[in-house]
Amino acid sequence: MTVIKNIQEIIPLTIQGEGFHAGRCCSFIRLFGCPVGCWFCDTGYAPGDRENLNKLPRLSIDYESLREQLQSRYVVISGGEPLFHQDFEELLERLLGDNFEVAVETSGAKAFPFEKFPKVWVTFSPKLHATDYLKGQPSPTFWTHSREIKVVISEPSDLNFYEDLLDQASASEIPVFLQPEWSNKLETTPLILQILQQRPDWKISVQLHKYLKLP
Ligand code: SF4
């Protein structure tokens with residue numbers, strides 16, 4: 001029996017609210033834990049929230065029971081930061097073995113085994129502009145092998161961290177999304193529209209599930 005430890009949340013049925021697949025129905029698995037510490041983190045890992053980490057749920061569940069809860073064939077794994085999770089690869093292997101379509105959302109704080117998991121849709125959401133934790137660039141492979149790049153921004157200067165890399169990703173036809181940071185979205189959205197005027201190949205990503213008040 002395979003037990004997956006440190007799961008923060010399982011949402012049997014919701015929608016993917018962000019990025020390329022926004023609007024698709026999915027099952028959502030949130031893995032516990034993230035050392036990155038973005039100031040805008042909305043899942044409990046912002047620096048000011050760290051004293052409350054022990055109040056976050058941490059489930060251990062055997063894989064078969066987990067699978068039974070999933071009501072969509074499209075499964076999104078997020079965090080926290082899933083790449084730091086001890087059972088992450090095991091979970092991917094089991095889901096892919098059961099023919100689920102699997103997507104992973106990551107800050108790129110740790111290398112992803114792209115060659116081992118070519119079928120996994122990787123959403124790369126770089127966080128260099130939002131934390132001091134990531135001293136160096138994420139692994140360069142994220143800019144060339146991810147299926148989409150989603151930058152959460154609160155002001156246009158956030159993009160300065162990534163300008164050349166985003167150009168390179170766009171040249172490789174990796175879709176780029178700019179997502180307004182939720183707590184600041186009314187101010188940020190017009191700024192993003194100005195950027196999109198200059199970059200019509202990029203798109204805005206809104207957190208559709210939040211507008212619909214879905215989990
Ligand atoms: S990488 Fe994601 S989960 Fe981790 S602190 Fe940043 S926003 Fe939160």
# chains A, B, ... in the order shown; residues from 1 in each chain; ligands from 1
$ residues_near_ligand --ligand "ligand 1" --cutoff "7 Å" --atoms "only C-alpha atoms and all ligand atoms" --output "ChimeraX atom specification"
/A:34-38,40-46,79-81,106-107,127
$ write_last_selection --atoms "C-alpha atoms" --output "PDB file, in the first residue's frame"
ATOM      1  CA  CYS A  34       6.872  25.409   0.987  1.00  0.00           C
ATOM      2  CA  PRO A  35      10.097  27.119   2.073  1.00  0.00           C
ATOM      3  CA  VAL A  36       9.969  29.815  -0.618  1.00  0.00           C
ATOM      4  CA  GLY A  37       8.025  32.397   1.390  1.00  0.00           C
ATOM      5  CA  CYS A  38       6.473  34.743  -1.189  1.00  0.00           C
ATOM      6  CA  PHE A  40       1.678  37.347  -1.356  1.00  0.00           C
ATOM      7  CA  CYS A  41       1.268  33.616  -0.699  1.00  0.00           C
ATOM      8  CA  ASP A  42      -2.424  32.796  -0.282  1.00  0.00           C
ATOM      9  CA  THR A  43      -1.982  29.219   0.899  1.00  0.00           C
ATOM     10  CA  GLY A  44      -0.325  29.782   4.275  1.00  0.00           C
ATOM     11  CA  TYR A  45       3.390  30.109   3.490  1.00  0.00           C
ATOM     12  CA  ALA A  46       3.911  33.875   3.476  1.00  0.00           C
ATOM     13  CA  GLY A  79       1.215  23.424  -3.018  1.00  0.00           C
ATOM     14  CA  GLY A  80       2.905  24.644  -1.154  1.00  0.00           C
ATOM     15  CA  GLU A  81       5.743  23.777  -3.440  1.00  0.00           C
ATOM     16  CA  THR A 106       5.709  25.058  -9.333  1.00  0.00           C
ATOM     17  CA  SER A 107       7.855  28.062  -8.504  1.00  0.00           C
ATOM     18  CA  LYS A 127       8.863  33.843  -7.796  1.00  0.00           C
TER      19      LYS A 127
END
$ residues_around --residues "segment 3-13 of chain A" --least-positions-apart "3" --cutoff "6 Å" --atoms "only C-alpha atoms" --output "number ranges by chain"
A: 26-32, 57-63, 69-71
$ closest_residue --among "A:Val120, A:Trp39, A:Gly97, A:Tyr74" --to "Ile153 of chain A" --atoms "only C-alpha atoms"
A:Trp39
$ select_by_dssp --residues "segment 76-125 of chain A" --states "helix (DSSP H, G or I)" --output "ChimeraX atom specification"
/A:82-84,88-97
$ closest_residue --among "A:Val75, A:Leu191, A:Leu91, A:Val122" --to "Ser157 of chain A" --atoms "only C-alpha atoms"
A:Leu191
$ select_by_dssp --residues "segment 87-146 of chain A" --states "strand (DSSP E)" --output "list in words"
Glu101, Val102, Ala103, Val104, Glu105, Thr106, Trp121, Val122, Thr123 and Phe124 of chain A
$ decode --residues "segment 2-30 of chain A" --atoms "C-alpha atoms" --output "PDB file, in the first residue's frame"
ATOM      1  CA  THR A   2       1.358   3.397  -1.001  1.00  0.00           C
ATOM      2  CA  VAL A   3       0.651   6.107   1.544  1.00  0.00           C
ATOM      3  CA  ILE A   4       0.948   9.717   0.416  1.00  0.00           C
ATOM      4  CA  LYS A   5       1.862  11.846   3.388  1.00  0.00           C
ATOM      5  CA  ASN A   6       1.536  15.568   4.033  1.00  0.00           C
ATOM      6  CA  ILE A   7      -1.391  16.413   1.818  1.00  0.00           C
ATOM      7  CA  GLN A   8      -2.854  19.772   2.729  1.00  0.00           C
ATOM      8  CA  GLU A   9      -6.073  19.536   0.768  1.00  0.00           C
ATOM      9  CA  ILE A  10      -7.915  17.394  -1.760  1.00  0.00           C
ATOM     10  CA  ILE A  11     -10.635  19.070  -3.813  1.00  0.00           C
ATOM     11  CA  PRO A  12     -12.498  16.299  -5.646  1.00  0.00           C
ATOM     12  CA  LEU A  13     -14.063  18.607  -8.231  1.00  0.00           C
ATOM     13  CA  THR A  14     -13.448  22.241  -9.075  1.00  0.00           C
ATOM     14  CA  ILE A  15     -12.154  24.192 -12.034  1.00  0.00           C
ATOM     15  CA  GLN A  16      -8.658  25.113 -13.051  1.00  0.00           C
ATOM     16  CA  GLY A  17      -8.927  28.850 -12.579  1.00  0.00           C
ATOM     17  CA  GLU A  18      -5.588  29.963 -13.984  1.00  0.00           C
ATOM     18  CA  GLY A  19      -3.504  29.986 -17.108  1.00  0.00           C
ATOM     19  CA  PHE A  20      -3.829  27.995 -20.310  1.00  0.00           C
ATOM     20  CA  HIS A  21      -6.405  25.497 -19.033  1.00  0.00           C
ATOM     21  CA  ALA A  22      -8.583  27.993 -17.155  1.00  0.00           C
ATOM     22  CA  GLY A  23     -12.182  26.870 -17.127  1.00  0.00           C
ATOM     23  CA  ARG A  24     -11.515  23.153 -17.339  1.00  0.00           C
ATOM     24  CA  CYS A  25     -12.948  21.018 -14.604  1.00  0.00           C
ATOM     25  CA  CYS A  26     -10.312  19.288 -12.525  1.00  0.00           C
ATOM     26  CA  SER A  27      -9.503  17.550  -9.289  1.00  0.00           C
ATOM     27  CA  PHE A  28      -7.020  19.427  -7.173  1.00  0.00           C
ATOM     28  CA  ILE A  29      -4.389  18.124  -4.766  1.00  0.00           C
ATOM     29  CA  ARG A  30      -2.557  20.599  -2.586  1.00  0.00           C
TER      30      ARG A  30
END
